[in-house]
Amino acid sequence: MRRELIFVDTNVVVWLLKGRESVVNFFAKNMERLASNVIVYLEVMHVVRRLSQRLRRPLDLTPVHEVFSDMALLPIDDVAMRRVGELVIRYNLMPNDAMIAATCEHHGIRKIATYDEDFTRIDFLEVIMP
């Protein structure tokens with residue numbers, strides 16, 4: 001029997017890359033259940049790029065690619081754009097967060113690992129803060 005998937009939001013991946021022990025343990029314990037989408041992938045690359053610029057270090061996206069190669073990357077092309085708009089309005093979400101919620105809904109995912117409290121307003125998602 002397949003265990004229920006957990007969607008992983010941007011801030012959790014960022015904390016993983018920073019080495020937060022609770023997040024590292026969460027990934028180790030749940031890796032076969034973790035999923036994300038291209039929105040999160042792009043947001044994480046953006047955060048890493050900005051940090052590299054701020055620290056005046058060469059950009060290395062290898063750790064980002066490695067994290068996402070171990071997770072299921074869910075397609076968003078079948079997610080209804082109209083539904084994304086509905087979620088923006090209903091839950092007062094930023095568009096990328098609405099796309100994440102719509103991705104979860106479309107793929108039947110009920111749990112999201114995030115530190116973004118906006119997701120707590122969504123009645124079909126259970127928030128996990130690792």
# chains A, B, ... in the order shown; residues from 1 in each chain; ligands from 1
call {"tool": "select_by_dssp", "arguments": {"residues": "stretch 22-120 of chain A", "states": "helix (DSSP H, G or I)", "output": "ChimeraX atom specification"}}
result
/A:22-33,38-55,62-69,81-91,95-106,117-120
call {"tool": "residues_around", "arguments": {"residues": "stretch 112-127 of chain A", "least_positions_apart": "2", "cutoff": "10 Å", "atoms": "only C-alpha atoms", "output": "PyMOL selection string"}}
result
chain A and resi 5-13+15+23+26+34-36+87+90-94+97-98+100-101+104-105+108-110+129-130
call {"tool": "write_last_selection", "arguments": {"atoms": "N, CA and C atoms", "output": "short mmCIF file (atom, residue, chain, number, x, y, z; two decimals), in the first residue's frame"}}
result
data_model
loop_
_atom_site.label_atom_id
_atom_site.label_comp_id
_atom_site.auth_asym_id
_atom_site.auth_seq_id
_atom_site.Cartn_x
_atom_site.Cartn_y
_atom_site.Cartn_z
N LEU A 5 1.16 11.06 -0.10
CA LEU A 5 2.20 12.03 -0.43
C LEU A 5 2.07 13.28 0.44
N ILE A 6 3.22 13.91 0.66
CA ILE A 6 3.29 15.19 1.37
C ILE A 6 3.93 16.19 0.40
N PHE A 7 3.24 17.29 0.15
CA PHE A 7 3.79 18.33 -0.71
C PHE A 7 4.79 19.15 0.09
N VAL A 8 5.92 19.50 -0.51
CA VAL A 8 6.96 20.27 0.17
C VAL A 8 7.03 21.66 -0.44
N ASP A 9 6.86 22.67 0.42
CA ASP A 9 6.89 24.07 -0.02
C ASP A 9 8.33 24.61 0.00
N THR A 10 8.49 25.74 -0.63
CA THR A 10 9.79 26.40 -0.82
C THR A 10 10.56 26.57 0.48
N ASN A 11 9.91 27.12 1.50
CA ASN A 11 10.65 27.44 2.73
C ASN A 11 11.20 26.19 3.41
N VAL A 12 10.56 25.08 3.26
CA VAL A 12 11.06 23.84 3.87
C VAL A 12 12.31 23.37 3.12
N VAL A 13 12.32 23.48 1.80
CA VAL A 13 13.51 23.11 1.04
C VAL A 13 14.67 24.04 1.39
N TRP A 15 15.19 25.55 4.21
CA TRP A 15 15.71 25.14 5.53
C TRP A 15 16.49 23.84 5.43
N VAL A 23 14.33 19.60 9.82
CA VAL A 23 13.94 19.44 8.41
C VAL A 23 14.75 18.32 7.77
N PHE A 26 13.11 15.25 8.89
CA PHE A 26 11.83 15.10 8.20
C PHE A 26 12.04 14.52 6.80
N LEU A 34 7.61 12.41 -0.43
CA LEU A 34 7.67 13.85 -0.68
C LEU A 34 7.49 14.17 -2.16
N ALA A 35 6.74 15.25 -2.39
CA ALA A 35 6.47 15.72 -3.74
C ALA A 35 6.48 17.23 -3.75
N SER A 36 6.70 17.79 -4.93
CA SER A 36 6.67 19.24 -5.09
C SER A 36 6.29 19.54 -6.54
N LEU A 87 -8.82 30.01 -5.98
CA LEU A 87 -8.11 29.85 -4.71
C LEU A 87 -7.46 31.16 -4.25
N ARG A 90 -10.63 32.98 -2.88
CA ARG A 90 -11.26 32.36 -1.71
C ARG A 90 -10.39 32.40 -0.46
N TYR A 91 -9.07 32.15 -0.62
CA TYR A 91 -8.19 32.04 0.53
C TYR A 91 -7.21 33.22 0.65
N ASN A 92 -7.37 34.23 -0.21
CA ASN A 92 -6.49 35.40 -0.19
C ASN A 92 -5.02 34.98 -0.28
N LEU A 93 -4.70 34.22 -1.33
CA LEU A 93 -3.36 33.67 -1.52
C LEU A 93 -2.59 34.43 -2.59
N MET A 94 -1.28 34.40 -2.50
CA MET A 94 -0.44 34.85 -3.59
C MET A 94 -0.62 33.82 -4.73
N ASP A 97 1.28 30.52 -4.43
CA ASP A 97 0.72 29.67 -3.37
C ASP A 97 -0.59 29.03 -3.83
N ALA A 98 -1.38 29.77 -4.58
CA ALA A 98 -2.63 29.21 -5.12
C ALA A 98 -2.33 28.08 -6.10
N ILE A 100 0.29 26.14 -5.95
CA ILE A 100 0.71 25.02 -5.10
C ILE A 100 -0.51 24.32 -4.53
N ALA A 101 -1.45 25.08 -3.99
CA ALA A 101 -2.67 24.49 -3.42
C ALA A 101 -3.47 23.76 -4.50
N CYS A 104 -1.83 20.48 -5.24
CA CYS A 104 -2.17 19.49 -4.20
C CYS A 104 -3.57 18.94 -4.42
N GLU A 105 -4.51 19.84 -4.62
CA GLU A 105 -5.90 19.42 -4.81
C GLU A 105 -6.04 18.51 -6.03
N GLY A 108 -4.66 15.07 -5.35
CA GLY A 108 -5.21 14.39 -4.19
C GLY A 108 -4.30 14.42 -2.96
N ILE A 109 -3.45 15.42 -2.86
CA ILE A 109 -2.54 15.54 -1.72
C ILE A 109 -3.22 16.38 -0.65
N ARG A 110 -3.23 15.86 0.57
CA ARG A 110 -3.92 16.55 1.67
C ARG A 110 -2.97 17.15 2.70
N MET A 129 4.64 21.48 9.96
CA MET A 129 5.80 22.36 10.11
C MET A 129 6.94 21.55 10.72
N PRO A 130 7.80 20.99 9.85
CA PRO A 130 8.85 20.09 10.36
C PRO A 130 9.89 20.80 11.23
#
call {"tool": "atom_distance", "arguments": {"atom1": "atom CA of A:Asp77", "atom2": "atom CA of A:Val40"}}
result
14.7 Å
call {"tool": "select_by_dssp", "arguments": {"residues": "stretch 14-114 of chain A", "states": "strand (DSSP E or B)", "output": "list of chain:residue names"}}
result
A:Leu34, A:Ala35, A:Ser36, A:Asn37, A:Ala72, A:Leu73, A:Leu74, A:Lys111, A:Ile112, A:Ala113
call {"tool": "atom_distance", "arguments": {"atom1": "atom CA of A:Val79", "atom2": "atom CA of A:Arg3"}}
result
22.7 Å
call {"tool": "closest_residue", "arguments": {"among": "A:Ile89, A:Met45, A:Leu55, A:Met81", "to": "A:Thr103", "atoms": "only C-alpha atoms"}}
result
A:Met81
call {"tool": "closest_residue", "arguments": {"among": "A:Ile76, A:Val14, A:Met31, A:Val24", "to": "A:Leu51", "atoms": "only C-alpha atoms"}}
result
A:Val14
call {"tool": "atom_distance", "arguments": {"atom1": "atom CA of A:Glu66", "atom2": "atom CA of A:Gln53"}}
result
20.9 Å
